[in-house]
Amino acid sequence: MKHIVIVGPTASGKTELALALARKLDTQIISADSRQVFRALTVGTAKPQGHWQDGKYWVEGVPYHLVDFLDPAESFDVASFCTRAGQLTANAEKPFVFAGGTGMYIHAHFVGVDPLPPSDPALRAELTAFATEKGKEALHARLTELDPISAEQIPVGNIQRVMRAVEICLLAGRAASSLKSGGFFGQFPEENALLVYLNWDKELLNKRIEKRTQTMLDPMAEETRALLSSGASEDCNGLKSLGYPQILEWIKGEKSKEETLEKIIVLTRQYAKRQRTWFNRYKNALRLDFSAAQDFDVEKITDRILNYCGNL
């Protein structure tokens with residue numbers, strides 16, 4: 001049987017479905033989420049609740065890899081994911097269930113990417129000075145000129161990703177997005193994986209996002225305070241994850257709770273839109289459409305996926 005890859009926008013139910021599939025198949029899960037890798041950041045990243053035992057992170061009796069292992073000050077990127085995921089699957093006796101919303105991780109591992117130029121310290125210093133003097137909006141505008149596709153995918157506030165994309169454009173002499181083809185984007189390599197795309201009605205997904213954000217707001221603030229009390233910097237990589245910069249503004253008294261909630265909901269909806277755009281490109285995915293809350297019946301969906309696999 002092939003690896004099963006569960007993808008979709010944030011709040012679409014990927015983790016719940018992945019766990020059900022893993023239990024049915026008696027296998028393990030590999031997370032493809034660039035933010036759930038961090039320790040101490042659980043609420044805002046929607047990391048599945050689990051515990052460490054015998055060197056593995058267990059969630060509801062299932063080994064769940066590539067979550068909760070990295071210090072928030074450290075970095076994790078596409079190459080890091082591909083290396084670790086490759087090590088896990090290299091000699092596996094059973095296929096894995098992959099689950100996550102970081103599309104580039106999934107694409108790089110299964111399809112591949114073209115080599116990217118290494119970072120140039122002098123150019124990075126120049127871009128840092130530009131961003132400091134002109135502002136993050138100006139840096140993003142520069143990316144829009146060089147590579148509109150990457151600019152659409154990377155939010156203005158994610159200055160590190162914006163800077164890296166601009167750097168790649170300037171060093172390679174072409175758009176960064178053109179170097180990430182890894183072959184034809186419209187197809188997924190069916191010989192070793194089944195891609196399952198969870199596609200929710202837009203308004204229904206927005207309601208799920210709003211409800212989840214309301215629930216997580218206070219716990220996120222507690223989590224952020226605890227991390228800062230442990231000695232972490234406000235500028236650490238983990239606290240650049242979606243929602244945490246807004247939480248920082250709230251706990252410092254710069255924004256109200258209501259403003260913080262509204263801003264995180266808007267940013268999460270925008271992120272979900274970018275994810276939908278990314279995953280919609282794979283025309284050969286098993287696409288599961290949900291137009292009502294009751295459509296998401298995990299047991300029925302699990303059986304449908306396994307039946308589909310059996311008929312391939």
# chains A, B, ... in the order shown; residues from 1 in each chain; ligands from 1

call {"tool": "select_by_dssp", "arguments": {"residues": "segment 110-279 of chain A", "states": "strand (DSSP E or B)", "output": "list in words"}}
result
Ala193, Leu194, Leu195, Val196, Tyr197, Leu198, Asn199 and Trp200 of chain A

call {"tool": "residues_around", "arguments": {"residues": "Pro72 of chain A", "least_positions_apart": "4", "cutoff": "8 Å", "atoms": "only C-alpha atoms", "output": "number ranges by chain"}}
result
A: 38-41, 232, 236-239

call {"tool": "closest_residue", "arguments": {"among": "A:Ala151, A:Glu222, A:Val196, A:Asp77", "to": "Ile301 of chain A", "atoms": "only C-alpha atoms"}}
result
A:Val196

call {"tool": "residues_around", "arguments": {"residues": "segment 246-259 of chain A", "least_positions_apart": "2", "cutoff": "9 Å", "atoms": "only C-alpha atoms", "output": "PyMOL selection string"}}
result
chain A and resi 217+220-221+224-225+234+239+242-244+261-264

call {"tool": "atom_distance", "arguments": {"atom1": "atom CA of Ser31 of chain A", "atom2": "atom CA of Lys211 of chain A"}}
result
23.4 Å

call {"tool": "closest_residue", "arguments": {"among": "A:Leu204, A:Leu25, A:Leu127, A:Ala46", "to": "Lys94 of chain A", "atoms": "only C-alpha atoms"}}
result
A:Leu25

call {"tool": "residues_around", "arguments": {"residues": "Lys202 of chain A", "least_positions_apart": "4", "cutoff": "12 Å", "atoms": "only C-alpha atoms", "output": "PyMOL selection string"}}
result
chain A and resi 9-12+198+206-209+269-270+272-273+276+289-292

call {"tool": "select_by_dssp", "arguments": {"residues": "segment 125-198 of chain A", "states": "helix (DSSP H, G or I)", "output": "ChimeraX atom specification"}}
result
/A:125-134,136-146,148-153,159-172,176-179

call {"tool": "write_last_selection", "arguments": {"atoms": "C-alpha atoms", "output": "PDB file, in the first residue's frame"}}
result
ATOM      1  CA  ALA A 125      22.771  42.202   5.409  1.00  0.00           C
ATOM      2  CA  GLU A 126      21.751  44.530   2.588  1.00  0.00           C
ATOM      3  CA  LEU A 127      18.177  43.255   2.599  1.00  0.00           C
ATOM      4  CA  THR A 128      18.001  43.455   6.393  1.00  0.00           C
ATOM      5  CA  ALA A 129      19.096  47.092   6.252  1.00  0.00           C
ATOM      6  CA  PHE A 130      16.529  47.760   3.517  1.00  0.00           C
ATOM      7  CA  ALA A 131      13.724  46.223   5.593  1.00  0.00           C
ATOM      8  CA  THR A 132      14.801  48.127   8.698  1.00  0.00           C
ATOM      9  CA  GLU A 133      14.893  51.455   6.861  1.00  0.00           C
ATOM     10  CA  LYS A 134      11.925  51.073   4.497  1.00  0.00           C
ATOM     11  CA  LYS A 136       8.466  45.101   5.812  1.00  0.00           C
ATOM     12  CA  GLU A 137       5.837  46.354   3.367  1.00  0.00           C
ATOM     13  CA  ALA A 138       8.545  47.770   1.107  1.00  0.00           C
ATOM     14  CA  LEU A 139      10.470  44.486   1.206  1.00  0.00           C
ATOM     15  CA  HIS A 140       7.321  42.600   0.260  1.00  0.00           C
ATOM     16  CA  ALA A 141       6.668  45.072  -2.577  1.00  0.00           C
ATOM     17  CA  ARG A 142      10.144  44.314  -3.877  1.00  0.00           C
ATOM     18  CA  LEU A 143       9.316  40.605  -3.848  1.00  0.00           C
ATOM     19  CA  THR A 144       6.099  41.343  -5.753  1.00  0.00           C
ATOM     20  CA  GLU A 145       8.165  42.964  -8.490  1.00  0.00           C
ATOM     21  CA  LEU A 146      10.612  40.060  -8.650  1.00  0.00           C
ATOM     22  CA  PRO A 148       4.481  37.786  -7.913  1.00  0.00           C
ATOM     23  CA  ILE A 149       3.740  34.096  -7.278  1.00  0.00           C
ATOM     24  CA  SER A 150       5.919  33.918  -4.169  1.00  0.00           C
ATOM     25  CA  ALA A 151       4.595  37.294  -3.000  1.00  0.00           C
ATOM     26  CA  GLU A 152       1.051  35.929  -3.169  1.00  0.00           C
ATOM     27  CA  GLN A 153       2.019  32.893  -1.088  1.00  0.00           C
ATOM     28  CA  ILE A 159       9.820  38.865   6.973  1.00  0.00           C
ATOM     29  CA  GLN A 160      12.276  35.945   7.075  1.00  0.00           C
ATOM     30  CA  ARG A 161      10.496  34.079   4.279  1.00  0.00           C
ATOM     31  CA  VAL A 162      10.032  37.287   2.267  1.00  0.00           C
ATOM     32  CA  MET A 163      13.718  38.079   2.636  1.00  0.00           C
ATOM     33  CA  ARG A 164      14.796  34.584   1.622  1.00  0.00           C
ATOM     34  CA  ALA A 165      12.552  34.694  -1.460  1.00  0.00           C
ATOM     35  CA  VAL A 166      13.983  38.061  -2.527  1.00  0.00           C
ATOM     36  CA  GLU A 167      17.484  36.726  -1.892  1.00  0.00           C
ATOM     37  CA  ILE A 168      16.850  33.673  -4.098  1.00  0.00           C
ATOM     38  CA  CYS A 169      15.468  35.860  -6.897  1.00  0.00           C
ATOM     39  CA  LEU A 170      18.511  38.117  -6.870  1.00  0.00           C
ATOM     40  CA  LEU A 171      21.060  35.309  -6.581  1.00  0.00           C
ATOM     41  CA  ALA A 172      19.433  33.058  -9.178  1.00  0.00           C
ATOM     42  CA  ALA A 176      12.160  31.905  -6.711  1.00  0.00           C
ATOM     43  CA  SER A 177       8.856  30.194  -7.524  1.00  0.00           C
ATOM     44  CA  SER A 178      10.277  29.004 -10.854  1.00  0.00           C
ATOM     45  CA  LEU A 179      12.963  27.065  -8.973  1.00  0.00           C
TER      46      LEU A 179
END

call {"tool": "closest_residue", "arguments": {"among": "A:Glu16, A:Ala175, A:Gly157, A:Glu74", "to": "Leu116 of chain A", "atoms": "only C-alpha atoms"}}
result
A:Ala175

call {"tool": "atom_distance", "arguments": {"atom1": "atom CA of Val113 of chain A", "atom2": "atom CA of Leu21 of chain A"}}
result
28.3 Å

call {"tool": "atom_distance", "arguments": {"atom1": "atom CA of Ala85 of chain A", "atom2": "atom CA of Ile305 of chain A"}}
result
22.5 Å

call {"tool": "closest_residue", "arguments": {"among": "A:Ser241, A:Thr302, A:Gln275, A:Thr42", "to": "Met216 of chain A", "atoms": "only C-alpha atoms"}}
result
A:Thr42

call {"tool": "residues_around", "arguments": {"residues": "segment 87-89 of chain A", "least_positions_apart": "2", "cutoff": "12 Å", "atoms": "only C-alpha atoms", "output": "PyMOL selection string"}}
result
chain A and resi 2-3+27-31+63-66+80-85+91-98+109-110+192

call {"tool": "decode", "arguments": {"residues": "segment 32-61 of chain A", "atoms": "N, CA, C and O atoms", "output": "PDB file, in the first residue's frame"}}
result
ATOM      1  N   ALA A  32       3.615  17.095   8.569  1.00  0.00           N
ATOM      2  CA  ALA A  32       4.190  18.028   7.593  1.00  0.00           C
ATOM      3  C   ALA A  32       3.690  19.423   7.934  1.00  0.00           C
ATOM      4  O   ALA A  32       2.933  20.046   7.173  1.00  0.00           O
ATOM      5  N   ASP A  33       4.076  19.893   9.090  1.00  0.00           N
ATOM      6  CA  ASP A  33       3.653  21.205   9.593  1.00  0.00           C
ATOM      7  C   ASP A  33       4.882  21.942  10.106  1.00  0.00           C
ATOM      8  O   ASP A  33       5.567  21.466  11.021  1.00  0.00           O
ATOM      9  N   SER A  34       5.146  23.086   9.538  1.00  0.00           N
ATOM     10  CA  SER A  34       6.382  23.808   9.855  1.00  0.00           C
ATOM     11  C   SER A  34       6.380  24.435  11.237  1.00  0.00           C
ATOM     12  O   SER A  34       7.429  24.878  11.718  1.00  0.00           O
ATOM     13  N   ARG A  35       5.233  24.489  11.904  1.00  0.00           N
ATOM     14  CA  ARG A  35       5.148  25.136  13.209  1.00  0.00           C
ATOM     15  C   ARG A  35       4.987  24.151  14.360  1.00  0.00           C
ATOM     16  O   ARG A  35       5.346  24.448  15.497  1.00  0.00           O
ATOM     17  N   GLN A  36       4.439  22.983  14.079  1.00  0.00           N
ATOM     18  CA  GLN A  36       4.232  22.009  15.151  1.00  0.00           C
ATOM     19  C   GLN A  36       5.536  21.351  15.589  1.00  0.00           C
ATOM     20  O   GLN A  36       5.547  20.580  16.547  1.00  0.00           O
ATOM     21  N   VAL A  37       6.621  21.660  14.925  1.00  0.00           N
ATOM     22  CA  VAL A  37       7.922  21.106  15.305  1.00  0.00           C
ATOM     23  C   VAL A  37       8.399  21.669  16.646  1.00  0.00           C
ATOM     24  O   VAL A  37       9.212  21.042  17.332  1.00  0.00           O
ATOM     25  N   PHE A  38       7.890  22.826  17.059  1.00  0.00           N
ATOM     26  CA  PHE A  38       8.434  23.511  18.227  1.00  0.00           C
ATOM     27  C   PHE A  38       7.871  22.982  19.548  1.00  0.00           C
ATOM     28  O   PHE A  38       6.661  22.785  19.686  1.00  0.00           O
ATOM     29  N   ARG A  39       8.773  22.793  20.502  1.00  0.00           N
ATOM     30  CA  ARG A  39       8.351  22.524  21.863  1.00  0.00           C
ATOM     31  C   ARG A  39       7.745  23.796  22.464  1.00  0.00           C
ATOM     32  O   ARG A  39       8.076  24.898  22.053  1.00  0.00           O
ATOM     33  N   ALA A  40       6.870  23.625  23.427  1.00  0.00           N
ATOM     34  CA  ALA A  40       6.289  24.730  24.202  1.00  0.00           C
ATOM     35  C   ALA A  40       5.283  25.558  23.420  1.00  0.00           C
ATOM     36  O   ALA A  40       4.647  26.446  23.980  1.00  0.00           O
ATOM     37  N   LEU A  41       5.128  25.306  22.143  1.00  0.00           N
ATOM     38  CA  LEU A  41       4.117  26.001  21.339  1.00  0.00           C
ATOM     39  C   LEU A  41       3.124  24.964  20.830  1.00  0.00           C
ATOM     40  O   LEU A  41       3.319  24.356  19.777  1.00  0.00           O
ATOM     41  N   THR A  42       2.095  24.760  21.599  1.00  0.00           N
ATOM     42  CA  THR A  42       1.131  23.698  21.297  1.00  0.00           C
ATOM     43  C   THR A  42      -0.217  24.254  20.874  1.00  0.00           C
ATOM     44  O   THR A  42      -0.787  23.837  19.868  1.00  0.00           O
ATOM     45  N   VAL A  43      -0.724  25.217  21.615  1.00  0.00           N
ATOM     46  CA  VAL A  43      -2.084  25.707  21.375  1.00  0.00           C
ATOM     47  C   VAL A  43      -2.196  26.400  20.021  1.00  0.00           C
ATOM     48  O   VAL A  43      -3.026  26.035  19.181  1.00  0.00           O
ATOM     49  N   GLY A  44      -1.369  27.409  19.801  1.00  0.00           N
ATOM     50  CA  GLY A  44      -1.475  28.191  18.578  1.00  0.00           C
ATOM     51  C   GLY A  44      -1.100  27.433  17.325  1.00  0.00           C
ATOM     52  O   GLY A  44      -1.518  27.818  16.220  1.00  0.00           O
ATOM     53  N   THR A  45      -0.320  26.384  17.461  1.00  0.00           N
ATOM     54  CA  THR A  45       0.062  25.591  16.293  1.00  0.00           C
ATOM     55  C   THR A  45      -0.889  24.419  16.059  1.00  0.00           C
ATOM     56  O   THR A  45      -0.731  23.691  15.076  1.00  0.00           O
ATOM     57  N   ALA A  46      -1.864  24.250  16.961  1.00  0.00           N
ATOM     58  CA  ALA A  46      -2.813  23.125  16.896  1.00  0.00           C
ATOM     59  C   ALA A  46      -2.082  21.796  16.893  1.00  0.00           C
ATOM     60  O   ALA A  46      -2.487  20.835  16.242  1.00  0.00           O
ATOM     61  N   LYS A  47      -0.995  21.753  17.651  1.00  0.00           N
ATOM     62  CA  LYS A  47      -0.232  20.504  17.771  1.00  0.00           C
ATOM     63  C   LYS A  47      -1.068  19.453  18.485  1.00  0.00           C
ATOM     64  O   LYS A  47      -1.704  19.749  19.495  1.00  0.00           O
ATOM     65  N   PRO A  48      -1.092  18.214  17.996  1.00  0.00           N
ATOM     66  CA  PRO A  48      -1.865  17.175  18.685  1.00  0.00           C
ATOM     67  C   PRO A  48      -1.297  16.912  20.075  1.00  0.00           C
ATOM     68  O   PRO A  48      -0.085  16.819  20.249  1.00  0.00           O
ATOM     69  N   GLN A  49      -2.169  16.791  21.052  1.00  0.00           N
ATOM     70  CA  GLN A  49      -1.741  16.546  22.426  1.00  0.00           C
ATOM     71  C   GLN A  49      -1.227  15.115  22.561  1.00  0.00           C
ATOM     72  O   GLN A  49      -1.904  14.165  22.189  1.00  0.00           O
ATOM     73  N   GLY A  50      -0.002  14.983  23.067  1.00  0.00           N
ATOM     74  CA  GLY A  50       0.582  13.663  23.219  1.00  0.00           C
ATOM     75  C   GLY A  50       1.613  13.638  24.325  1.00  0.00           C
ATOM     76  O   GLY A  50       1.691  14.563  25.141  1.00  0.00           O
ATOM     77  N   HIS A  51       2.427  12.593  24.348  1.00  0.00           N
ATOM     78  CA  HIS A  51       3.476  12.487  25.358  1.00  0.00           C
ATOM     79  C   HIS A  51       4.670  11.742  24.753  1.00  0.00           C
ATOM     80  O   HIS A  51       4.523  10.949  23.812  1.00  0.00           O
ATOM     81  N   TRP A  52       5.841  12.014  25.313  1.00  0.00           N
ATOM     82  CA  TRP A  52       7.059  11.358  24.860  1.00  0.00           C
ATOM     83  C   TRP A  52       7.277  10.068  25.645  1.00  0.00           C
ATOM     84  O   TRP A  52       7.169  10.049  26.864  1.00  0.00           O
ATOM     85  N   GLN A  53       7.582   9.012  24.914  1.00  0.00           N
ATOM     86  CA  GLN A  53       7.891   7.723  25.545  1.00  0.00           C
ATOM     87  C   GLN A  53       8.787   6.925  24.614  1.00  0.00           C
ATOM     88  O   GLN A  53       8.497   6.792  23.423  1.00  0.00           O
ATOM     89  N   ASP A  54       9.888   6.432  25.166  1.00  0.00           N
ATOM     90  CA  ASP A  54      10.834   5.617  24.392  1.00  0.00           C
ATOM     91  C   ASP A  54      11.304   6.332  23.127  1.00  0.00           C
ATOM     92  O   ASP A  54      11.455   5.720  22.054  1.00  0.00           O
ATOM     93  N   GLY A  55      11.520   7.642  23.255  1.00  0.00           N
ATOM     94  CA  GLY A  55      12.063   8.408  22.139  1.00  0.00           C
ATOM     95  C   GLY A  55      11.058   8.756  21.058  1.00  0.00           C
ATOM     96  O   GLY A  55      11.447   9.255  19.994  1.00  0.00           O
ATOM     97  N   LYS A  56       9.783   8.502  21.298  1.00  0.00           N
ATOM     98  CA  LYS A  56       8.748   8.820  20.321  1.00  0.00           C
ATOM     99  C   LYS A  56       7.652   9.657  20.966  1.00  0.00           C
ATOM    100  O   LYS A  56       7.382   9.540  22.160  1.00  0.00           O
ATOM    101  N   TYR A  57       7.026  10.482  20.146  1.00  0.00           N
ATOM    102  CA  TYR A  57       5.889  11.277  20.596  1.00  0.00           C
ATOM    103  C   TYR A  57       4.625  10.497  20.243  1.00  0.00           C
ATOM    104  O   TYR A  57       4.370  10.178  19.078  1.00  0.00           O
ATOM    105  N   TRP A  58       3.835  10.152  21.268  1.00  0.00           N
ATOM    106  CA  TRP A  58       2.656   9.312  21.075  1.00  0.00           C
ATOM    107  C   TRP A  58       1.388  10.139  21.218  1.00  0.00           C
ATOM    108  O   TRP A  58       1.235  10.906  22.168  1.00  0.00           O
ATOM    109  N   VAL A  59       0.474   9.972  20.266  1.00  0.00           N
ATOM    110  CA  VAL A  59      -0.821  10.641  20.309  1.00  0.00           C
ATOM    111  C   VAL A  59      -1.904   9.579  20.176  1.00  0.00           C
ATOM    112  O   VAL A  59      -1.994   8.897  19.146  1.00  0.00           O
ATOM    113  N   GLU A  60      -2.665   9.402  21.212  1.00  0.00           N
ATOM    114  CA  GLU A  60      -3.756   8.413  21.211  1.00  0.00           C
ATOM    115  C   GLU A  60      -3.273   7.037  20.760  1.00  0.00           C
ATOM    116  O   GLU A  60      -3.920   6.340  19.981  1.00  0.00           O
ATOM    117  N   GLY A  61      -2.089   6.659  21.247  1.00  0.00           N
ATOM    118  CA  GLY A  61      -1.538   5.348  20.943  1.00  0.00           C
ATOM    119  C   GLY A  61      -0.821   5.238  19.612  1.00  0.00           C
ATOM    120  O   GLY A  61      -0.392   4.145  19.220  1.00  0.00           O
TER     121      GLY A  61
END
